[in-house]
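J.: Structure: run07.cif, mmCIF, C-alpha atoms and all ligand atoms.
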data_work
loop_
_atom_site.label_atom_id
_atom_site.label_comp_id
_atom_site.auth_asym_id
_atom_site.auth_seq_id
_atom_site.Cartn_x
_atom_site.Cartn_y
_atom_site.Cartn_z
CA MET A 29 -1.85 14.15 9.07
CA ARG A 30 -5.35 13.05 8.04
CA ILE A 31 -5.02 9.75 6.22
CA LEU A 32 -7.56 7.73 4.32
CA VAL A 33 -6.78 4.00 4.03
CA LEU A 34 -8.58 2.24 1.17
CA TYR A 35 -8.46 -1.53 0.77
CA ARG A 36 -10.06 -4.37 -1.14
CA SER A 37 -10.11 -7.73 0.61
CA TRP A 38 -11.80 -11.09 0.10
CA TYR A 39 -10.33 -13.12 2.96
CA GLY A 40 -9.32 -10.39 5.39
CA ASN A 41 -5.56 -10.34 4.78
CA THR A 42 -5.39 -7.01 3.00
CA ARG A 43 -7.87 -5.62 5.48
CA ALA A 44 -5.54 -6.75 8.30
CA VAL A 45 -2.70 -4.83 6.65
CA ALA A 46 -4.91 -1.74 6.33
CA ASP A 47 -5.93 -2.04 9.99
CA ALA A 48 -2.31 -2.47 11.15
CA MET A 49 -1.35 0.71 9.31
CA ALA A 50 -4.33 2.59 10.72
CA ALA A 51 -3.59 1.43 14.27
CA ARG A 52 0.02 2.61 14.09
CA LEU A 53 -0.93 5.94 12.52
CA GLY A 54 -3.61 6.47 15.16
CA SER A 55 -1.14 5.71 17.93
CA ARG A 56 1.16 8.39 16.51
CA GLY A 57 -1.57 11.01 16.64
CA HIS A 58 -2.69 10.94 13.02
CA GLN A 59 -6.36 10.98 12.10
CA VAL A 60 -7.14 7.85 10.14
CA SER A 61 -10.17 6.40 8.45
CA VAL A 62 -10.25 2.98 6.84
CA GLN A 63 -12.72 1.92 4.20
CA ASP A 64 -13.37 -0.58 1.45
CA VAL A 65 -12.39 0.78 -2.00
CA ARG A 66 -15.95 0.11 -3.16
CA GLN A 67 -17.43 2.59 -0.71
CA ARG A 68 -18.15 6.19 -1.59
CA LEU A 69 -15.10 8.37 -1.01
CA PRO A 70 -15.30 10.88 1.82
CA ASP A 71 -14.90 14.61 1.20
CA LEU A 72 -11.26 14.83 0.16
CA ALA A 73 -10.95 18.29 1.69
CA SER A 74 -10.42 16.46 4.97
CA VAL A 75 -7.72 14.11 3.65
CA ASP A 76 -3.97 14.84 3.50
CA GLY A 77 -2.86 11.50 2.07
CA VAL A 78 -4.23 8.16 0.91
CA LEU A 79 -2.97 4.60 1.36
CA ILE A 80 -4.56 2.18 -1.09
CA GLY A 81 -4.10 -1.55 -1.40
CA ALA A 82 -5.52 -4.80 -2.72
CA PRO A 83 -4.54 -8.46 -2.96
CA THR A 84 -2.72 -9.94 -5.93
CA ARG A 85 -5.20 -12.39 -7.48
CA MET A 86 -4.44 -14.35 -10.63
CA ALA A 87 -1.53 -11.94 -11.10
CA ARG A 88 -3.97 -9.03 -11.26
CA VAL A 89 -5.58 -6.34 -9.17
CA ALA A 90 -9.25 -5.70 -8.50
CA VAL A 91 -10.84 -3.29 -10.96
CA THR A 92 -12.50 -1.58 -8.00
CA ALA A 93 -9.03 -0.60 -6.73
CA THR A 94 -7.85 0.90 -10.01
CA SER A 95 -11.16 2.69 -10.41
CA ALA A 96 -10.73 4.16 -6.91
CA LEU A 97 -7.48 5.73 -8.17
CA ARG A 98 -9.42 7.32 -11.01
CA ARG A 99 -12.06 8.56 -8.60
CA LEU A 100 -9.41 10.08 -6.34
CA ARG A 101 -8.04 12.01 -9.27
CA ARG A 102 -11.46 13.08 -10.50
CA ARG A 103 -12.43 14.22 -7.02
CA GLY A 104 -9.35 16.43 -6.83
CA ILE A 105 -6.75 14.59 -4.75
CA GLY A 106 -4.21 16.67 -6.67
CA ALA A 107 -0.65 16.46 -5.37
CA ARG A 108 -1.49 14.88 -2.02
CA PRO A 109 0.55 11.69 -1.57
CA ILE A 110 -0.77 8.23 -2.43
CA GLY A 111 0.90 5.18 -0.88
CA ILE A 112 0.37 1.80 -2.50
CA PHE A 113 0.33 -1.65 -0.91
CA ASP A 114 -0.72 -5.19 -1.71
CA THR A 115 -0.75 -8.70 -0.35
CA TRP A 116 0.54 -11.70 -2.25
CA GLY A 117 1.90 -15.17 -1.81
CA PRO A 118 2.74 -17.67 -0.62
CA VAL A 119 6.41 -16.79 -1.12
CA PRO A 120 8.14 -19.37 -3.37
CA LYS A 121 10.39 -21.67 -1.39
CA THR A 122 13.20 -22.06 -3.88
CA ALA A 123 14.83 -19.96 -6.57
CA GLU A 124 13.55 -22.39 -9.21
CA GLU A 125 10.01 -22.10 -7.93
CA ALA A 126 10.31 -18.31 -7.86
CA GLU A 127 11.54 -18.24 -11.44
CA ALA A 128 8.70 -20.46 -12.65
CA ALA A 129 6.01 -18.57 -10.74
CA ARG A 130 7.33 -15.02 -11.08
CA LYS A 131 4.60 -13.80 -13.41
CA TRP A 132 2.02 -14.60 -10.70
CA PHE A 133 3.47 -12.24 -8.14
CA GLU A 134 5.50 -9.66 -10.08
CA PRO A 135 4.64 -6.88 -10.47
CA GLY A 136 1.59 -7.98 -8.45
CA ALA A 137 -1.36 -5.84 -7.47
CA ALA A 138 0.98 -3.20 -6.03
CA GLY A 139 2.99 -2.91 -9.23
CA ILE A 140 -0.15 -2.63 -11.33
CA LEU A 141 -1.64 0.02 -9.03
CA LEU A 142 1.64 1.91 -9.06
CA LYS A 143 1.75 2.01 -12.84
CA LYS A 144 -1.87 3.11 -13.00
CA ALA A 145 -1.39 5.83 -10.37
CA ARG A 146 1.63 7.20 -12.21
CA ALA A 147 -0.23 7.16 -15.52
CA LEU A 148 -2.98 9.19 -13.85
CA GLY A 149 -0.39 11.73 -12.73
CA LEU A 150 -0.95 11.07 -9.04
CA ASN A 151 1.76 11.92 -6.52
CA VAL A 152 2.84 8.39 -5.60
CA PHE A 153 4.86 7.79 -2.42
CA SER A 154 8.41 6.65 -3.20
CA GLU A 155 7.98 3.27 -1.49
CA THR A 156 5.51 0.50 -2.22
CA LEU A 157 4.53 -2.03 0.43
CA ARG A 158 4.07 -5.74 -0.33
CA CYS A 159 2.97 -8.09 2.47
CA SER A 160 3.10 -11.84 1.96
CA VAL A 161 0.75 -14.57 3.14
CA VAL A 162 1.66 -18.05 4.40
CA GLU A 163 -0.93 -19.97 2.37
CA PHE A 164 -3.02 -19.01 -0.63
CA ARG A 165 -5.78 -17.53 1.52
CA GLY A 166 -3.61 -16.34 4.38
CA PRO A 167 -2.81 -15.72 7.09
CA ILE A 168 -0.36 -12.86 6.73
CA ALA A 169 3.21 -14.04 7.29
CA ASP A 170 5.10 -13.26 10.48
CA GLY A 171 6.44 -9.73 10.68
CA GLU A 172 4.43 -8.42 7.76
CA LEU A 173 1.95 -6.41 9.85
CA GLU A 174 4.84 -4.74 11.67
CA LYS A 175 6.39 -3.98 8.28
CA ALA A 176 3.07 -2.43 7.21
CA ALA A 177 2.88 -0.31 10.36
CA ALA A 178 6.42 1.00 9.84
CA PHE A 179 5.66 1.74 6.19
CA ALA A 180 2.60 3.78 7.19
CA GLU A 181 4.70 5.78 9.64
CA ARG A 182 7.24 6.65 6.97
CA PHE A 183 4.39 7.62 4.67
CA ALA A 184 3.09 10.04 7.27
CA THR A 185 6.50 11.55 8.02
CA PRO A 186 7.08 14.61 5.89
CA ALA A 187 10.14 14.33 3.63
CA PRO A 188 12.86 16.87 4.38
CA PRO A 189 12.99 19.74 1.89
CA THR A 190 15.03 18.96 -1.22
CA GLY A 191 18.68 19.76 -0.65
CA ALA A 192 18.29 19.82 3.14
CA ARG A 193 21.15 18.23 5.05
CA SER A 194 20.81 16.17 8.15
CA ARG A 195 22.16 18.06 11.16
CA SER A 196 24.09 15.04 12.29
CA SER A 197 25.87 14.47 8.98
CA GLY A 198 28.85 16.14 7.54
CA GLY A 199 30.28 17.79 10.62
CA SER A 200 31.50 21.37 10.62
CA PRO A 201 34.92 22.52 9.55
CA GLY A 202 37.38 23.63 12.21
C1 LIG A 301 -8.39 -16.71 -5.90
C2 LIG A 301 -7.02 -16.32 -5.45
C3 LIG A 301 -6.04 -16.02 -6.40
C4 LIG A 301 -4.77 -15.64 -5.98
N1 LIG A 301 -3.83 -15.36 -6.94
C5 LIG A 301 -2.59 -14.96 -6.54
C6 LIG A 301 -1.60 -14.62 -7.51
O1 LIG A 301 -1.79 -14.69 -8.71
N2 LIG A 301 -0.39 -14.19 -7.07
C7 LIG A 301 -0.10 -14.09 -5.74
O2 LIG A 301 1.01 -13.71 -5.38
N3 LIG A 301 -1.04 -14.43 -4.79
C8 LIG A 301 -2.25 -14.84 -5.16
N4 LIG A 301 -3.20 -15.16 -4.21
C9 LIG A 301 -2.89 -14.98 -2.79
C10 LIG A 301 -3.49 -13.67 -2.31
O3 LIG A 301 -2.80 -12.58 -2.88
C11 LIG A 301 -3.42 -13.53 -0.80
O4 LIG A 301 -4.01 -14.60 -0.14
C12 LIG A 301 -4.06 -12.24 -0.36
O5 LIG A 301 -3.55 -11.86 0.89
C13 LIG A 301 -5.58 -12.34 -0.24
O6 LIG A 301 -6.03 -11.09 0.22
P1 LIG A 301 -7.43 -10.91 0.92
O7 LIG A 301 -7.48 -11.86 2.09
O8 LIG A 301 -7.39 -9.50 1.37
O9 LIG A 301 -8.48 -11.18 -0.10
C14 LIG A 301 -4.46 -15.56 -4.60
C15 LIG A 301 -5.44 -15.90 -3.66
C16 LIG A 301 -6.70 -16.27 -4.06
C17 LIG A 301 -7.71 -16.62 -3.02
#
Would you put the structure from the file into structure tokens?
Ligand SMILES: Cc1cc2nc3c(=O)[nH]c(=O)nc-3n(C[C@H](O)[C@H](O)[C@H](O)COP(=O)(O)O)c2cc1C

T.:
Amino acid sequence: MRILVLYRSWYGNTRAVADAMAARLGSRGHQVSVQDVRQRLPDLASVDGVLIGAPTRMARVAVTATSALRRLRRRGIGARPIGIFDTWGPVPKTAEEAEAARKWFEPGAAGILLKKARALGLNVFSETLRCSVVEFRGPIADGELEKAAAFAERFATPAPPTGARSRSSGGSPG
């Protein structure tokens, strides 16, 4: 699959997530290019799917990321899949803290991008990736880059046709 990874990043955390996804996809034989959302989009004829992500900042997402979604649509991305990711954090330490701070990280940049992409009629991948940071400006928390890499792999694995059954399930009568 030829995958374009678009990111917005101030302190390098979201870029690190984008790079981790690209590295895993590359190691699995996919063709990947990674670029800042603010850059000019490549010719979409050479793209089979797009991963796009940005950090959650002041409970919001960068306008340049939402405008990249609009540009993808305008440039004819059509029904090719779009996977959404963000970074956020730090993760609240207690349930009380989480309750008090929830509006700052939910739905987060990923949730806002997801809503926007759906409103634009884009074909959004069924999963959304959220990677947390340890402190306000990073670094990315342990295990999150591996989570990102695994997410990217699932994104690039074609879904089985609707109604298809796994060969290993069910068993055969008699
Ligand atoms: C100015 C600023 C505002 C932030 N606001 C939020 C926020 O509202 N909610 C949240 O979950 N994280 C927030 N964070 C944490 C960032 O989401 C996190 O550090 C992110 O990984 C930064 O991405 P970047 O390094 O790619 O810029 C904020 C960080 C900064 C620096």

J.: Go ahead and compute the interatomic distance for CA of Val162 in chain A and CA of Val119 in chain A, in Å to one decimal.

T.: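 A separation of 7.4 Å between them.
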
J.: Go through the chains and note each residue within 12 Å of ligand LIG 301 (chain A), using all atoms listed in the file, then give the set as an MDAnalysis selection string.

T.: chainID A and resid 34:47 64:65 81:90 113:120 126 129:139 158:169 172:173

J.: Nearest residue to Arg68 in chain A out of A:Arg146, A:Arg56, A:Arg99, A:Lys121, using all atoms listed in the file?

T.: A:Arg99

J.: With distances taken over only C-alpha atoms, which of A:Leu53, A:Ile80, A:Val152, A:Ala128 is nearest to Thr94 in chain A?

T.: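 Result for the nearest residue to Thr94 in chain A: A:Ile80.
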
J.: Quote the spacing between CA of Leu148 in chain A and CA of Val62 in chain A in Å to one decimal place.

T.: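 CA of Leu148 in chain A sits 22.8 Å away from CA of Val62 in chain A.
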
J.: My list of candidates is A:Leu150, A:Leu97, A:Ala145, A:Ala177. Which is closest to Ala50 in chain A when distances are computed with all atoms listed in the file?

T.: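 Result for the nearest residue to Ala50 in chain A: A:Ala177.
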
J.: For a test of reading the model, state the distance in Å between CA of Arg66 in chain A and CA of Glu155 in chain A, rounded to one decimal.

T.: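 Spanning CA of Arg66 in chain A to CA of Glu155 in chain A is a straight-line distance of 24.2 Å.
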
J.: Find the smallest box with edges along x, y and z containing every listed atom of range 129-132 of chain A, then add 6 Å on each side and report centre and edge lengths in Å to one decimal, as lines of an AutoDock Vina configuration file.

T.:
center_x = 4.7
center_y = -16.2
center_z = -12.1
size_x = 17.3
size_y = 16.8
size_z = 14.7

J.: Taking all atoms listed in the file into account, name the residue in A:Leu79, A:Ala180, A:Ala93, A:Leu157 that is nearest to Gly111 in chain A.

T.: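 Counting all atoms listed in the file, the residue closest to Gly111 in chain A is A:Leu79.
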
J.: So which one's closest to Ile140 in chain A, A:Ala184, A:Gly171, A:Val91, A:Pro70? Using all atoms listed in the file, please.

T.: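 Comparing A:Ala184, A:Gly171, A:Val91, A:Pro70 against Ile140 in chain A, the winner is A:Val91.
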
J.: Which residue out of A:Pro186, A:Glu125, A:Leu141, A:Ala107 has the minimum interatomic distance to Thr92 in chain A when only C-alpha atoms are used?

T.: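 Counting only C-alpha atoms, the residue closest to Thr92 in chain A is A:Leu141.
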